[in-house]
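Trainee: Here it is, the structure, as structure tokens.
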Amino acid sequence: MTAEFSLLLSATHDDIVKLYEELEAFAKREGWTSKVEFDLKLVLEELFINIVDYGDCPGTPVRIAFTSEQDRLTIEISDSGRPFNPLVDAPEVDTSLPIEDRTIGGLGVHLVHKLMDEVNYRRDGDLNRLTLVKSRNE
Amino acid sequence: MMNVKTERMGDVLSADVEGRIDGSNVVQFEEAVRAVIENSDRAVIMNFEKLVYISSAGLRAILLTAKSLQKQDAKLLLCSLSDRIREVFEISGFDKILPIHATKDDALASLES
């Protein structure tokens, strides 16, 4: 059985609360495990804040569409910010460096890669479209 | 929602962090911690027993706290991480740069040896 759900946010810090609330309600309806819910909250917060902080598109719509299937969740985030492909444009994180050499950038996108099973990006006209896949069998 | 409750034990500061550290309250978290650390502190123990969520904004704040403590020859120790929170720290490689203890007592004991 497939359930679909989509969420329309605007690119402002205030809407992060709306993202959490809607995500929690959907997770409950769909019976996600607490791990899937935690990972998705984290990943979507990271990506949404990146759009708000670096997309140069204040107040414009950000659409997050979820397709929930038995074994996997697929999420597509579309925004009209400046072209940003997190697969290549984010600074790489070297997790082996000591404290004094660790830098603070790139951690969010690093977490997105590690917590999702698939991450795909395409530029579609004026939109960034990022697709995430998360297995529900963990 | 986020709350930091601190307790001073000589030159060791313990901070019990409750709730969530995310992009919306990370500044509040940083200020709460910075306000109580003293130059003479030898160590700060952050107790995450009641921490339910952390994002990269929170990780950055912890890294900056660790860096500034290192400059005064002090250590940052963490304890009582839930499985979820621990995974976030491991993925970020923070388990390699910060000592993580099972309990606050273990963290305190490690300072005595």
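Identifiers in the structure tokens: chain A, B, ... in order shown; residue index from 1 per chain; ligand index from 1 in order shown.
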Would you tabulate, counting only C-alpha atoms, all residues of chain B that have an atom at most 10 Å from an atom of chain A, showing the closest pair of atoms and their distance in Å to one decimal, sorted by chain then ascending number, as a Markdown table?
Mentor:
```
| residue | atom | partner | partner_atom | distance |
| --- | --- | --- | --- | --- |
| B:Asp22 | CA | A:Glu45 | CA | 8.5 |
| B:Gly23 | CA | A:Ile49 | CA | 7.7 |
| B:Ser24 | CA | A:His13 | CA | 7.5 |
| B:Val52 | CA | A:Phe38 | CA | 9.3 |
| B:Tyr53 | CA | A:Phe38 | CA | 7.8 |
| B:Ile54 | CA | A:Leu42 | CA | 7.7 |
| B:Ser55 | CA | A:Leu42 | CA | 5.9 |
| B:Ser56 | CA | A:Gly108 | CA | 5.2 |
| B:Ala57 | CA | A:Gly108 | CA | 8.0 |
| B:Leu59 | CA | A:Leu107 | CA | 8.3 |
| B:Arg60 | CA | A:Ile104 | CA | 5.7 |
| B:Ala61 | CA | A:Ile104 | CA | 8.9 |
| B:Leu63 | CA | A:Ile99 | CA | 7.4 |
| B:Leu64 | CA | A:Ile104 | CA | 8.2 |
| B:Ala66 | CA | A:Ile99 | CA | 7.4 |
| B:Lys67 | CA | A:Glu100 | CA | 6.3 |
| B:Ser68 | CA | A:Glu100 | CA | 9.5 |
| B:Gln70 | CA | A:Glu100 | CA | 8.2 |
| B:Lys71 | CA | A:Glu100 | CA | 9.3 |
| B:Asp83 | CA | A:Lys35 | CA | 9.5 |
| B:Arg84 | CA | A:Lys35 | CA | 7.2 |
| B:Ile85 | CA | A:Phe38 | CA | 9.5 |
| B:Glu87 | CA | A:Leu115 | CA | 9.7 |
| B:Val88 | CA | A:Leu111 | CA | 7.6 |
| B:Phe89 | CA | A:Leu111 | CA | 9.9 |
| B:Glu90 | CA | A:Thr95 | CA | 9.2 |
| B:Ile91 | CA | A:Leu111 | CA | 6.9 |
| B:Ser92 | CA | A:Thr95 | CA | 6.1 |
| B:Gly93 | CA | A:Thr95 | CA | 4.6 |
| B:Phe94 | CA | A:Thr95 | CA | 7.5 |
| B:Asp95 | CA | A:Thr95 | CA | 9.6 |
| B:Lys96 | CA | A:Ser96 | CA | 7.4 |
| B:Ile97 | CA | A:Ile99 | CA | 5.8 |
| B:Leu98 | CA | A:Ile99 | CA | 8.2 |
```
Trainee: From a DSSP pass on the backbone, collect the residues of chain B flagged as strand (DSSP E) and hand them back as JSON, numbers by chain.
Mentor: {"B": [2, 3, 4, 5, 6, 7, 8, 9, 12, 13, 14, 15, 16, 17, 18, 19, 20, 21, 43, 44, 45, 46, 47, 48, 49, 50, 51, 52, 53, 54, 75, 76, 77, 78, 79, 100, 101]}
Trainee: From the set A:Ile77, A:Leu87, A:Leu19, A:Ile51, which residue has the shortest atom-to-atom contact distance to Ile64 (chain A), counting only C-alpha atoms?
Mentor: A:Ile77
Trainee: Can you pull out every residue within 9 Å of region 102-109 of chain B, counting only C-alpha atoms, but drop anything in the same chain fewer than 4 positions away, and send it as a compact mmCIF listing (two decimals) with N, CA and C atoms, in the first residue's frame?
Mentor:
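result.txt was written with the following content:
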```
# COMPACT_ATOMS: atom_id res chain seq x y z
N VAL B 12 35.27 21.34 38.02
CA VAL B 12 34.56 20.57 36.99
C VAL B 12 33.11 21.07 36.94
N SER B 14 29.31 20.42 35.46
CA SER B 14 28.45 19.43 34.83
C SER B 14 27.23 20.13 34.27
N ILE B 45 31.47 18.38 31.78
CA ILE B 45 30.78 17.13 31.43
C ILE B 45 29.38 17.48 30.95
N MET B 46 29.08 17.14 29.70
CA MET B 46 27.72 17.35 29.21
C MET B 46 26.97 16.04 29.33
N ASN B 47 25.91 16.07 30.12
CA ASN B 47 25.09 14.88 30.34
C ASN B 47 23.89 14.92 29.38
N GLU B 49 21.58 12.56 28.94
CA GLU B 49 20.57 11.55 29.27
C GLU B 49 19.17 11.98 28.79
N LEU B 77 33.76 16.40 28.12
CA LEU B 77 33.38 14.99 28.16
C LEU B 77 31.88 14.90 27.97
N LEU B 78 31.44 13.81 27.33
CA LEU B 78 30.00 13.60 27.14
C LEU B 78 29.59 12.31 27.85
N CYS B 79 28.35 12.27 28.32
CA CYS B 79 27.87 11.01 28.91
C CYS B 79 26.39 10.79 28.66
N SER B 80 26.00 9.52 28.79
CA SER B 80 24.60 9.07 28.77
C SER B 80 23.88 9.40 27.46
N LEU B 81 24.51 9.08 26.33
CA LEU B 81 23.88 9.33 25.03
C LEU B 81 22.90 8.21 24.69
N SER B 113 41.51 9.66 37.48
CA SER B 113 42.65 8.76 37.27
C SER B 113 43.80 9.49 36.59
```
Trainee: So that I can check the secondary structure, give me every residue of region 3-111 of chain B assigned helix (DSSP H, G or I) by backbone DSSP, as a PyMOL selection string.
Mentor: chain B and resi 26-36+56-71+83-91+94-97+104-111
Trainee: Rank nothing, just name the residue among B:Leu51, B:Ala74, B:Ala43, B:Val33 nearest to Glu18 (chain B), using only C-alpha atoms.
Mentor: B:Leu51
Trainee: Find, counting only C-alpha atoms, the residue in A:Glu22, A:Asp53, A:Asp117, A:Asp126 that gets nearest to Ala65 (chain A).
Mentor: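 Once distances to Ala65 (chain A) are computed over only C-alpha atoms, the minimum belongs to A:Glu22.
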Trainee: From the options B:Asn3, B:Ser82, B:Ser110, B:Asn25, which residue's atoms come nearest to Phe48 (chain B), counting only C-alpha atoms?
Mentor: B:Ser82
